[in-house]
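*Asks:* Sharing entry35.cif, mmCIF, C-alpha atoms:
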```cif
data_input
#
loop_
_atom_site.label_atom_id
_atom_site.label_comp_id
_atom_site.auth_asym_id
_atom_site.auth_seq_id
_atom_site.Cartn_x
_atom_site.Cartn_y
_atom_site.Cartn_z
CA MET Q 23 -61.13 -20.87 -26.39
CA ASN Q 24 -64.02 -19.18 -24.55
CA TYR Q 25 -62.69 -15.72 -25.36
CA ILE Q 26 -61.77 -16.56 -28.94
CA TRP Q 27 -65.21 -17.93 -29.66
CA TYR Q 28 -66.90 -14.97 -27.98
CA PHE Q 29 -64.61 -12.59 -29.85
CA LEU Q 30 -65.34 -14.18 -33.26
CA ILE Q 31 -69.09 -13.89 -32.77
CA VAL Q 32 -69.17 -10.42 -31.17
CA ILE Q 33 -66.81 -8.94 -33.76
CA SER Q 34 -68.96 -10.40 -36.55
CA ILE Q 35 -72.15 -8.89 -35.14
CA ILE Q 36 -70.67 -5.47 -34.34
CA PHE Q 37 -68.84 -5.20 -37.65
CA GLY Q 38 -71.92 -6.50 -39.47
CA ALA Q 39 -74.00 -3.74 -37.86
CA ILE Q 40 -71.49 -1.05 -38.86
CA ASN Q 41 -70.91 -2.45 -42.33
CA GLY Q 42 -74.60 -3.02 -43.07
CA THR Q 43 -74.10 -6.76 -43.40
CA LEU Q 44 -76.00 -7.73 -40.27
CA ASN Q 45 -78.53 -9.61 -42.37
CA GLU Q 46 -75.77 -11.70 -43.97
CA VAL Q 47 -74.28 -12.34 -40.53
CA ALA Q 48 -77.62 -13.60 -39.24
CA ASN Q 49 -78.07 -15.81 -42.29
CA ALA Q 50 -74.57 -17.16 -41.79
CA ILE Q 51 -75.74 -18.77 -38.53
CA PHE Q 52 -78.02 -21.06 -40.49
CA SER Q 53 -75.71 -21.62 -43.43
CA GLY Q 54 -72.92 -22.31 -40.92
CA THR Q 55 -74.89 -25.05 -39.20
CA GLN Q 56 -75.69 -26.55 -42.59
CA LEU Q 57 -72.04 -26.50 -43.56
CA ALA Q 58 -71.10 -28.11 -40.24
CA VAL Q 59 -73.56 -30.94 -40.82
CA LYS Q 60 -72.25 -31.45 -44.34
CA ILE Q 61 -68.70 -31.70 -43.03
CA ILE Q 62 -69.80 -34.08 -40.26
CA LEU Q 63 -71.50 -36.36 -42.77
CA THR Q 64 -68.33 -36.57 -44.84
CA LEU Q 65 -66.28 -37.05 -41.71
CA LEU Q 66 -68.61 -39.77 -40.46
CA GLY Q 67 -67.96 -41.80 -43.58
CA ILE Q 68 -64.19 -41.42 -43.68
CA MET Q 69 -63.81 -41.82 -39.91
CA THR Q 70 -65.76 -45.06 -39.96
CA PHE Q 71 -63.78 -46.42 -42.87
CA TRP Q 72 -60.31 -45.38 -41.73
CA LEU Q 73 -60.69 -46.34 -38.09
CA GLY Q 74 -61.78 -49.73 -39.43
CA ILE Q 75 -58.63 -49.99 -41.56
CA MET Q 76 -56.49 -48.75 -38.67
CA LYS Q 77 -57.89 -51.43 -36.39
CA ILE Q 78 -56.69 -54.01 -38.90
CA ALA Q 79 -53.29 -52.34 -39.01
CA GLU Q 80 -53.12 -52.30 -35.23
CA LYS Q 81 -54.05 -55.98 -34.88
CA SER Q 82 -51.55 -57.04 -37.51
CA GLY Q 83 -48.74 -55.44 -35.50
CA ILE Q 84 -47.71 -53.09 -38.31
CA VAL Q 85 -48.38 -49.99 -36.18
CA GLU Q 86 -46.21 -51.32 -33.38
CA SER Q 87 -43.38 -52.10 -35.80
CA ILE Q 88 -43.45 -48.52 -37.03
CA SER Q 89 -43.41 -47.32 -33.41
CA LYS Q 90 -40.31 -49.36 -32.66
CA LEU Q 91 -38.59 -48.05 -35.75
CA LEU Q 92 -39.23 -44.45 -34.75
CA THR Q 93 -38.36 -44.65 -31.05
CA PRO Q 94 -35.48 -42.11 -31.17
CA ILE Q 95 -37.54 -39.42 -32.92
CA ALA Q 96 -40.57 -40.19 -30.79
CA LYS Q 97 -38.60 -39.74 -27.58
CA PHE Q 98 -37.72 -36.21 -28.61
CA LEU Q 99 -41.13 -35.21 -29.97
CA PHE Q 100 -43.35 -36.99 -27.46
CA PRO Q 101 -41.44 -37.54 -24.20
CA GLU Q 102 -44.68 -38.33 -22.35
CA ILE Q 103 -45.54 -41.36 -24.48
CA PRO Q 104 -44.08 -44.66 -23.28
CA LYS Q 105 -41.55 -46.48 -25.45
CA ASN Q 106 -42.97 -48.67 -28.26
CA SER Q 107 -46.50 -47.41 -27.68
CA PRO Q 108 -48.74 -47.87 -30.75
CA ILE Q 109 -49.56 -44.14 -30.48
CA ILE Q 110 -46.21 -43.37 -32.12
CA GLY Q 111 -47.14 -45.65 -35.02
CA ASP Q 112 -50.43 -43.78 -35.38
CA VAL Q 113 -48.61 -40.44 -35.38
CA ALA Q 114 -46.20 -41.72 -38.03
CA MET Q 115 -49.05 -42.93 -40.24
CA ASN Q 116 -50.87 -39.63 -39.72
CA PHE Q 117 -47.74 -37.80 -40.84
CA THR Q 118 -47.32 -40.08 -43.86
CA ALA Q 119 -50.92 -39.61 -44.94
CA ASN Q 120 -50.52 -35.83 -44.61
CA ALA Q 121 -47.26 -35.86 -46.56
CA LEU Q 122 -48.93 -37.82 -49.36
CA GLY Q 123 -51.82 -35.35 -49.40
CA LEU Q 124 -54.37 -37.93 -48.20
CA ALA Q 125 -56.27 -35.60 -45.88
CA ASN Q 126 -59.21 -38.00 -45.69
CA ALA Q 127 -57.00 -40.70 -44.25
CA ALA Q 128 -54.81 -38.38 -42.17
CA THR Q 129 -57.62 -36.98 -40.02
CA PRO Q 130 -59.06 -40.29 -38.73
CA ILE Q 131 -55.57 -41.69 -38.10
CA GLY Q 132 -54.58 -38.50 -36.27
CA ILE Q 133 -57.73 -38.79 -34.17
CA LYS Q 134 -56.75 -42.33 -33.27
CA ALA Q 135 -53.39 -40.95 -32.11
CA ILE Q 136 -54.99 -38.22 -30.00
CA GLU Q 137 -57.34 -40.77 -28.41
CA GLY Q 138 -54.30 -42.72 -27.29
CA MET Q 139 -52.78 -39.53 -25.90
CA GLN Q 140 -56.02 -38.76 -24.05
CA GLU Q 141 -55.70 -42.07 -22.19
CA LEU Q 142 -52.31 -40.93 -20.89
CA ASN Q 143 -53.57 -37.42 -20.15
CA ASN Q 144 -53.96 -36.46 -16.50
CA ASN Q 145 -56.55 -33.77 -17.06
CA LYS Q 146 -59.17 -34.99 -19.54
CA GLU Q 147 -60.39 -31.45 -20.32
CA SER Q 148 -57.02 -29.86 -20.99
CA ALA Q 149 -54.62 -30.58 -23.86
CA SER Q 150 -51.42 -32.45 -23.03
CA ASP Q 151 -48.01 -31.51 -24.45
CA SER Q 152 -48.11 -34.50 -26.80
CA MET Q 153 -51.45 -33.35 -28.18
CA CYS Q 154 -50.14 -29.84 -28.78
CA THR Q 155 -47.11 -31.27 -30.61
CA LEU Q 156 -49.33 -33.56 -32.70
CA LEU Q 157 -51.53 -30.61 -33.65
CA ALA Q 158 -48.50 -28.45 -34.41
CA MET Q 159 -47.44 -31.18 -36.87
CA ASN Q 160 -50.93 -31.23 -38.37
CA THR Q 161 -51.64 -27.53 -38.61
CA ALA Q 162 -48.35 -26.75 -40.34
CA GLY Q 163 -49.76 -28.40 -43.47
CA PHE Q 164 -46.70 -30.35 -44.49
CA GLN Q 165 -47.12 -32.22 -47.75
CA LEU Q 166 -44.83 -33.44 -50.49
CA ILE Q 167 -47.05 -32.45 -53.39
CA PRO Q 168 -49.89 -29.91 -53.22
CA ALA Q 169 -52.06 -31.92 -55.61
CA THR Q 170 -55.28 -29.90 -55.18
CA VAL Q 171 -53.59 -26.60 -55.95
CA ILE Q 172 -51.78 -28.05 -58.96
CA ALA Q 173 -55.08 -29.41 -60.25
CA ILE Q 174 -56.77 -25.99 -59.88
CA LEU Q 175 -53.85 -24.24 -61.59
CA ALA Q 176 -53.85 -26.75 -64.44
CA ALA Q 177 -57.63 -26.45 -64.88
CA ASN Q 178 -57.23 -22.66 -65.19
CA GLY Q 179 -54.69 -22.90 -67.97
CA CYS Q 180 -51.43 -22.48 -66.08
CA ASN Q 181 -48.43 -23.23 -68.33
CA ASN Q 182 -46.40 -25.11 -65.80
CA PRO Q 183 -48.34 -25.83 -62.60
CA THR Q 184 -45.73 -28.25 -61.23
CA GLU Q 185 -43.21 -25.45 -60.78
CA ILE Q 186 -44.87 -24.57 -57.48
CA ILE Q 187 -43.92 -27.96 -55.97
CA ILE Q 188 -40.43 -27.05 -54.83
CA PRO Q 189 -41.30 -23.59 -53.44
CA THR Q 190 -44.30 -25.07 -51.60
CA PHE Q 191 -42.18 -27.89 -50.24
CA ILE Q 192 -39.64 -25.38 -48.88
CA VAL Q 193 -42.40 -23.34 -47.24
CA THR Q 194 -44.21 -26.28 -45.65
CA SER Q 195 -41.00 -27.92 -44.42
CA PHE Q 196 -39.93 -24.67 -42.82
CA ALA Q 197 -43.36 -24.11 -41.27
CA PHE Q 198 -43.46 -27.72 -40.04
CA VAL Q 199 -40.10 -27.52 -38.28
CA SER Q 200 -40.98 -24.08 -36.88
CA ALA Q 201 -44.30 -25.38 -35.53
CA ILE Q 202 -42.54 -28.14 -33.60
CA ILE Q 203 -39.93 -25.74 -32.23
CA ILE Q 204 -42.64 -23.23 -31.26
CA ALA Q 205 -44.60 -25.99 -29.50
CA LYS Q 206 -41.47 -26.98 -27.58
CA ILE Q 207 -40.92 -23.36 -26.51
CA PHE Q 208 -44.56 -22.75 -25.54
CA LYS Q 209 -44.54 -25.94 -23.53
CA ARG Q 210 -42.41 -24.13 -20.97
CA ILE Q 211 -44.49 -20.95 -21.02
CA PHE Q 212 -47.87 -22.68 -20.65
CA PRO Q 213 -47.59 -25.33 -17.94
CA PRO Q 214 -50.29 -28.03 -17.74
CA GLN Q 215 -53.48 -26.82 -16.09
CA LEU Q 216 -54.86 -28.31 -12.89
CA THR Q 217 -52.69 -31.38 -13.02
CA LYS Q 218 -50.69 -32.94 -10.27
CA GLU Q 219 -48.27 -34.34 -12.80
CA ILE Q 220 -44.67 -33.92 -11.71
CA GLU Q 221 -42.74 -32.37 -14.54
CA ASN Q 222 -39.70 -34.37 -15.50
CA ALA Q 223 -36.65 -32.26 -16.18
CA ASP Q 224 -35.72 -32.97 -19.77
CA MET K 4 -42.96 -34.37 -68.59
CA PRO K 5 -41.52 -36.79 -66.01
CA ILE K 6 -42.44 -34.73 -62.90
CA LYS K 7 -46.06 -34.62 -63.89
CA GLU K 8 -46.17 -38.34 -64.61
CA PHE K 9 -44.57 -39.06 -61.27
CA ILE K 10 -47.17 -36.94 -59.46
CA ASP K 11 -49.99 -38.61 -61.33
CA ILE K 12 -48.70 -42.05 -60.40
CA LEU K 13 -48.13 -41.02 -56.79
CA SER K 14 -51.59 -39.54 -56.35
CA LEU K 15 -53.17 -42.50 -58.12
CA TRP K 16 -51.32 -45.13 -56.08
CA ALA K 17 -50.84 -43.62 -52.60
CA LEU K 18 -54.24 -44.58 -51.27
CA PRO K 19 -54.67 -48.02 -52.87
CA ALA K 20 -51.08 -48.95 -51.94
CA ILE K 21 -51.57 -48.13 -48.26
CA ILE K 22 -54.77 -50.18 -48.07
CA LEU K 23 -53.20 -53.04 -49.99
CA ILE K 24 -50.16 -53.15 -47.70
CA ILE K 25 -52.20 -53.03 -44.49
CA LEU K 26 -54.66 -55.71 -45.61
CA THR K 27 -52.06 -58.07 -47.03
CA PHE K 28 -49.82 -57.73 -43.98
CA ALA K 29 -52.83 -58.47 -41.75
CA ILE K 30 -53.88 -61.56 -43.72
CA ILE K 31 -50.33 -62.94 -43.52
CA LYS K 32 -50.46 -62.38 -39.75
CA LYS K 33 -53.82 -64.22 -39.69
CA VAL K 34 -55.82 -61.23 -38.47
CA PRO K 35 -59.59 -61.63 -39.03
CA VAL K 36 -59.62 -58.54 -41.24
CA TYR K 37 -63.35 -58.12 -41.70
CA GLU K 38 -64.15 -58.44 -38.01
CA ALA K 39 -61.29 -56.10 -37.07
CA PHE K 40 -62.57 -53.56 -39.59
CA ILE K 41 -66.09 -53.62 -38.11
CA GLU K 42 -64.71 -53.27 -34.59
CA GLY K 43 -62.69 -50.18 -35.53
CA ALA K 44 -65.41 -48.74 -37.72
CA LYS K 45 -67.87 -48.74 -34.82
CA GLU K 46 -65.49 -46.52 -32.86
CA GLY K 47 -65.15 -44.24 -35.87
CA ALA K 48 -68.88 -43.63 -36.02
CA LYS K 49 -69.01 -42.88 -32.29
CA VAL K 50 -66.12 -40.41 -32.44
CA SER K 51 -67.74 -38.53 -35.32
CA PHE K 52 -70.82 -37.88 -33.21
CA ASN K 53 -68.64 -36.51 -30.40
CA ILE K 54 -67.24 -33.93 -32.81
CA ILE K 55 -70.61 -32.47 -33.87
CA PRO K 56 -71.09 -29.82 -31.12
CA TYR K 57 -67.52 -28.57 -31.41
CA LEU K 58 -67.70 -28.32 -35.17
CA VAL K 59 -71.06 -26.52 -35.18
CA ALA K 60 -69.75 -24.00 -32.63
CA ILE K 61 -66.64 -23.09 -34.59
CA ILE K 62 -68.07 -23.25 -38.11
CA VAL K 63 -71.01 -21.00 -37.25
CA ALA K 64 -68.66 -18.45 -35.67
CA ILE K 65 -66.35 -18.46 -38.68
CA SER K 66 -69.27 -18.27 -41.15
CA MET K 67 -70.54 -15.21 -39.26
CA LEU K 68 -67.11 -13.59 -39.36
CA ARG K 69 -66.80 -14.13 -43.10
CA ALA K 70 -70.34 -12.89 -43.74
CA SER K 71 -69.65 -9.66 -41.82
CA GLY K 72 -67.15 -8.66 -44.51
CA ILE K 73 -64.47 -7.74 -41.98
CA ILE K 74 -61.78 -9.73 -43.80
CA GLU K 75 -62.29 -7.75 -47.03
CA SER K 76 -62.31 -4.46 -45.09
CA LEU K 77 -59.08 -5.30 -43.31
CA SER K 78 -57.49 -6.27 -46.62
CA LEU K 79 -58.56 -2.97 -48.13
CA THR K 80 -57.23 -0.97 -45.18
CA CYS K 81 -53.86 -2.71 -45.27
CA SER K 82 -53.35 -2.68 -49.04
CA GLY K 83 -51.04 0.37 -49.12
CA PHE K 84 -48.73 -1.06 -46.52
CA LEU K 85 -48.84 -4.49 -48.15
CA ASN K 86 -47.66 -3.26 -51.52
CA LYS K 87 -44.55 -1.99 -49.77
CA ILE K 88 -43.67 -5.48 -48.54
CA HIS K 89 -44.41 -6.99 -51.97
CA LEU K 90 -47.62 -8.62 -50.90
CA PRO K 91 -50.33 -7.91 -53.48
CA ALA K 92 -53.51 -6.77 -51.73
CA ASP K 93 -55.49 -9.54 -53.45
CA ILE K 94 -53.56 -12.08 -51.42
CA LEU K 95 -54.55 -10.85 -47.97
CA PRO K 96 -58.01 -12.47 -47.75
CA LEU K 97 -56.32 -15.78 -48.55
CA ALA K 98 -53.76 -15.22 -45.80
CA PHE K 99 -56.59 -14.73 -43.30
CA VAL K 100 -59.04 -17.31 -44.56
CA ARG K 101 -56.64 -20.21 -44.99
CA SER K 102 -56.41 -20.73 -41.22
CA LEU K 103 -60.18 -20.51 -40.81
CA SER K 104 -61.86 -22.53 -43.53
CA GLY K 105 -60.57 -24.90 -46.18
CA SER K 106 -63.49 -24.59 -48.60
CA ALA K 107 -63.45 -20.79 -48.28
CA ALA K 108 -59.71 -20.75 -48.95
CA ILE K 109 -60.21 -22.68 -52.18
CA GLY K 110 -62.91 -20.16 -53.14
CA VAL K 111 -60.66 -17.18 -52.43
CA PHE K 112 -57.78 -18.85 -54.25
CA SER K 113 -59.95 -19.47 -57.33
CA ASP K 114 -61.01 -15.80 -57.23
CA ILE K 115 -57.40 -14.64 -57.12
CA ILE K 116 -56.28 -16.72 -60.08
CA SER K 117 -59.30 -15.74 -62.16
CA ASN K 118 -58.82 -12.01 -61.40
CA ASN K 119 -55.09 -12.13 -62.16
CA ASP K 120 -53.06 -13.60 -64.98
CA ILE K 121 -52.64 -17.30 -64.16
CA ASN K 122 -48.91 -17.12 -64.84
CA SER K 123 -48.40 -13.92 -62.81
CA TYR K 124 -46.44 -13.51 -59.60
CA THR K 125 -49.69 -12.95 -57.66
CA SER K 126 -51.19 -16.24 -58.84
CA LYS K 127 -48.04 -18.16 -58.05
CA LEU K 128 -47.73 -16.61 -54.61
CA ALA K 129 -51.37 -17.50 -53.98
CA ALA K 130 -50.74 -21.08 -55.13
CA ILE K 131 -47.77 -21.49 -52.80
CA MET K 132 -49.70 -19.97 -49.90
CA MET K 133 -52.65 -22.22 -50.63
CA GLY K 134 -50.52 -25.33 -51.09
CA SER K 135 -48.73 -24.82 -47.80
CA SER K 136 -51.82 -24.12 -45.74
CA GLU K 137 -53.80 -26.21 -43.36
CA THR K 138 -57.06 -25.11 -41.77
CA THR K 139 -55.78 -24.63 -38.23
CA PHE K 140 -59.17 -23.94 -36.63
CA TYR K 141 -60.76 -26.95 -38.28
CA VAL K 142 -57.94 -29.31 -37.33
CA LEU K 143 -57.99 -28.18 -33.70
CA THR K 144 -61.77 -28.42 -33.48
CA VAL K 145 -61.97 -31.90 -34.94
CA TYR K 146 -59.04 -33.40 -33.01
CA PHE K 147 -59.86 -31.87 -29.65
CA GLY K 148 -63.59 -32.38 -30.21
CA ALA K 149 -63.03 -36.09 -30.77
CA VAL K 150 -61.59 -36.55 -27.27
CA GLY K 151 -63.55 -33.81 -25.48
CA ILE K 152 -60.64 -31.45 -24.77
CA LYS K 153 -61.91 -27.96 -23.88
CA LYS K 154 -58.70 -26.21 -22.86
CA TYR K 155 -56.42 -25.93 -25.88
CA ARG K 156 -53.46 -24.46 -23.94
CA TYR K 157 -50.86 -23.36 -26.49
CA ALA K 158 -52.12 -25.47 -29.43
CA LEU K 159 -54.00 -22.64 -31.16
CA LEU K 160 -51.20 -20.13 -30.64
CA THR K 161 -48.68 -22.61 -32.04
CA GLY K 162 -50.88 -23.27 -35.07
CA LEU K 163 -51.38 -19.58 -35.76
CA CYS K 164 -47.67 -18.82 -35.37
CA ALA K 165 -46.90 -21.62 -37.83
CA ASP K 166 -49.51 -20.20 -40.22
CA PHE K 167 -47.92 -16.77 -39.94
CA ILE K 168 -44.47 -18.22 -40.60
CA GLY K 169 -45.97 -20.04 -43.58
CA ILE K 170 -47.31 -16.76 -44.97
CA VAL K 171 -44.01 -14.93 -44.53
CA MET K 172 -42.04 -17.84 -45.99
CA SER K 173 -44.45 -18.04 -48.96
CA ILE K 174 -43.70 -14.41 -49.80
CA ILE K 175 -39.94 -14.84 -49.43
CA VAL K 176 -39.84 -18.05 -51.46
CA ALA K 177 -42.24 -16.77 -54.15
CA ARG K 178 -40.09 -13.63 -54.52
CA PHE K 179 -37.00 -15.76 -54.87
CA PHE K 180 -38.46 -18.12 -57.47
CA PHE K 181 -40.91 -16.00 -59.45
CA ALA K 182 -40.39 -12.25 -58.99
#
```
When written as structure tokens, how does the structure in this file appear?
*Replies:*
Amino acid sequence: MNYIWYFLIVISIIFGAINGTLNEVANAIFSGTQLAVKIILTLLGIMTFWLGIMKIAEKSGIVESISKLLTPIAKFLFPEIPKNSPIIGDVAMNFTANALGLANAATPIGIKAIEGMQELNNNKESASDSMCTLLAMNTAGFQLIPATVIAILAANGCNNPTEIIIPTFIVTSFAFVSAIIIAKIFKRIFPPQLTKEIENAD
Amino acid sequence: MPIKEFIDILSLWALPAIILIILTFAIIKKVPVYEAFIEGAKEGAKVSFNIIPYLVAIIVAISMLRASGIIESLSLTCSGFLNKIHLPADILPLAFVRSLSGSAAIGVFSDIISNNDINSYTSKLAAIMMGSSETTFYVLTVYFGAVGIKKYRYALLTGLCADFIGIVMSIIVARFFFA
């Protein structure tokens, strides 16, 4: 991440200087911080609300029931997580919220899942395999119905905006499955850093 | 149109239904719902504050990159090659931006559909690409920021590979359905 971050900033400044947009680049520092604060404020609200709701779900035992139901899939996707752990329930609810297009609910629930994974993590600064798999599931952008895009298309006078549903579903499903497979492959190429964890042969 | 009605009902009911189910289930199980909510909500507020430094770092960097105009220049440079693989040059900024910033992607998408015929192949390809995208950098920053992870290992690479596959698949599928 150090190099990527450095690279993003240095490229922006150098290209800005060549392109004559250095002024815009400098201004972007301030507008960027403003945007970040705006996002944080939104996030603060939804995080507070949804982690509240999720605490209720956890205490009622509903999360655990989902975990039990999904044990076979969970064992394949997250071999590090113990059987019947509520983390699996959180992951399942995160996936459901994403599939339904409820990004505002999906993020806090996903964060609850990654917090659980962090407790099991041997090196608190470095991502575990479970976390990478969870993020692969989240970055692939799987959803049943791309409601925002349909709304924008409809607002701009598209004849039949719903015809993109099936193509989009094919694309996201394919990307979702690929992301998980890629994560499983990379897991072998990038071993955990600075951990004394003994790798189980799986 | 039944599909449209179904979508409307689904998007209207998804959120209320989830909350209704969780709350009702909890009441039946005699969970003190209000107190449980407050307990969880306190954690939520704390976690959000943890995310601030990570989010500022990445959003400033991405804002700078967008302001430099490099994405437009790259798109311009590649346009000849892109036409050969049936990717309209207009689409390229969207392909880049969609991994970086969600709000920017919506902006670029709106530009594309207002500069092209809304029912054209380009608009539909853009819609599919937009609908199948998730802001990889944002997701990684928020999730890892929440728990203080600094070494991402292969998470970013996996996300970007999946994004790339999404772009390629969007083109293939859009060609199949709409070209």
*Asks:* Report as a PDB file with C-alpha atoms, keeping the file's coordinate frame the residues that result from applying the PyMOL selection byres ((chain Q) within 6 of (chain K)) to the structure here.
*Replies:*
```pdb
ATOM      1  CA  LEU Q  30     -65.340 -14.180 -33.260  1.00  0.00           C
ATOM      2  CA  ILE Q  31     -69.090 -13.890 -32.770  1.00  0.00           C
ATOM      3  CA  SER Q  34     -68.960 -10.400 -36.550  1.00  0.00           C
ATOM      4  CA  GLY Q  38     -71.920  -6.500 -39.470  1.00  0.00           C
ATOM      5  CA  THR Q  43     -74.100  -6.760 -43.400  1.00  0.00           C
ATOM      6  CA  GLU Q  46     -75.770 -11.700 -43.970  1.00  0.00           C
ATOM      7  CA  VAL Q  47     -74.280 -12.340 -40.530  1.00  0.00           C
ATOM      8  CA  ALA Q  50     -74.570 -17.160 -41.790  1.00  0.00           C
ATOM      9  CA  ILE Q  51     -75.740 -18.770 -38.530  1.00  0.00           C
ATOM     10  CA  GLY Q  54     -72.920 -22.310 -40.920  1.00  0.00           C
ATOM     11  CA  THR Q  55     -74.890 -25.050 -39.200  1.00  0.00           C
ATOM     12  CA  ALA Q  58     -71.100 -28.110 -40.240  1.00  0.00           C
ATOM     13  CA  LEU Q  66     -68.610 -39.770 -40.460  1.00  0.00           C
ATOM     14  CA  MET Q  69     -63.810 -41.820 -39.910  1.00  0.00           C
ATOM     15  CA  THR Q  70     -65.760 -45.060 -39.960  1.00  0.00           C
ATOM     16  CA  PHE Q  71     -63.780 -46.420 -42.870  1.00  0.00           C
ATOM     17  CA  LEU Q  73     -60.690 -46.340 -38.090  1.00  0.00           C
ATOM     18  CA  GLY Q  74     -61.780 -49.730 -39.430  1.00  0.00           C
ATOM     19  CA  ILE Q  75     -58.630 -49.990 -41.560  1.00  0.00           C
ATOM     20  CA  LYS Q  77     -57.890 -51.430 -36.390  1.00  0.00           C
ATOM     21  CA  ILE Q  78     -56.690 -54.010 -38.900  1.00  0.00           C
ATOM     22  CA  ALA Q  79     -53.290 -52.340 -39.010  1.00  0.00           C
ATOM     23  CA  SER Q  82     -51.550 -57.040 -37.510  1.00  0.00           C
ATOM     24  CA  ILE Q 133     -57.730 -38.790 -34.170  1.00  0.00           C
ATOM     25  CA  GLU Q 147     -60.390 -31.450 -20.320  1.00  0.00           C
ATOM     26  CA  SER Q 148     -57.020 -29.860 -20.990  1.00  0.00           C
ATOM     27  CA  ALA Q 149     -54.620 -30.580 -23.860  1.00  0.00           C
ATOM     28  CA  CYS Q 154     -50.140 -29.840 -28.780  1.00  0.00           C
ATOM     29  CA  ALA Q 158     -48.500 -28.450 -34.410  1.00  0.00           C
ATOM     30  CA  THR Q 161     -51.640 -27.530 -38.610  1.00  0.00           C
ATOM     31  CA  ALA Q 162     -48.350 -26.750 -40.340  1.00  0.00           C
ATOM     32  CA  GLY Q 163     -49.760 -28.400 -43.470  1.00  0.00           C
ATOM     33  CA  PRO Q 168     -49.890 -29.910 -53.220  1.00  0.00           C
ATOM     34  CA  VAL Q 171     -53.590 -26.600 -55.950  1.00  0.00           C
ATOM     35  CA  CYS Q 180     -51.430 -22.480 -66.080  1.00  0.00           C
ATOM     36  CA  THR Q 190     -44.300 -25.070 -51.600  1.00  0.00           C
ATOM     37  CA  VAL Q 193     -42.400 -23.340 -47.240  1.00  0.00           C
ATOM     38  CA  THR Q 194     -44.210 -26.280 -45.650  1.00  0.00           C
ATOM     39  CA  ALA Q 197     -43.360 -24.110 -41.270  1.00  0.00           C
ATOM     40  CA  ALA Q 201     -44.300 -25.380 -35.530  1.00  0.00           C
ATOM     41  CA  ALA Q 205     -44.600 -25.990 -29.500  1.00  0.00           C
TER      42      ALA Q 205
END
```
*Asks:* From the set Q:Phe37, Q:Lys209, Q:Val59, Q:Ile68, which residue has the shortest atom-to-atom contact distance to Leu99 in chain Q, counting all atoms listed in the file?
*Replies:*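 Residue with the minimum atom-to-atom distance to Leu99 in chain Q: Q:Lys209.
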*Asks:* In the coordinates of the file, take the point (-50.3, -43.9, -42.4) and a cut-off of 12 Å; then, counting all atoms listed in the file, name each qualifying protein, DNA or RNA residue as a PyMOL selection string.
*Replies:* (chain Q and resi 72-73+75-76+79-80+84-85+88-89+109-132+134-135) or (chain K and resi 17-18+20-22+24-25)
*Asks:* How many Å lie between CA of Leu156 in chain Q and CA of Ile136 in chain Q, rounded to one decimal?
*Replies:*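 It comes out at 7.8 Å.
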*Asks:* One decimal, in Å: what's the spacing between CA of Leu142 in chain Q and CA of Lys97 in chain Q?
*Replies:*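 So the answer is 15.3 Å.
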*Asks:* Quick check, in Å to one decimal: how far apart do CA of Ser107 in chain Q and CA of Thr93 in chain Q lie?
*Replies:*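 Answer for the CA of Ser107 in chain Q to CA of Thr93 in chain Q separation: 9.2 Å.
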*Asks:* Please extract range 146-159 of chain K and write it out with C-alpha atoms, as a compact mmCIF listing (two decimals), in the first residue's frame.
*Replies:*
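As written to disk, decode08.txt reads:
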```txt
# COMPACT_ATOMS: atom_id res chain seq x y z
CA TYR K 146 -12.88 -2.39 5.78
CA PHE K 147 -9.18 -2.49 6.53
CA GLY K 148 -9.29 0.96 8.12
CA ALA K 149 -11.98 -0.20 10.53
CA VAL K 150 -9.70 -2.86 12.02
CA GLY K 151 -6.35 -1.10 11.52
CA ILE K 152 -4.91 -3.45 8.87
CA LYS K 153 -1.97 -1.81 7.07
CA LYS K 154 -0.68 -4.69 4.94
CA TYR K 155 -3.32 -5.61 2.37
CA ARG K 156 -1.42 -8.64 1.00
CA TYR K 157 -3.26 -9.83 -2.11
CA ALA K 158 -6.62 -8.11 -1.39
CA LEU K 159 -6.03 -5.14 -3.71
```
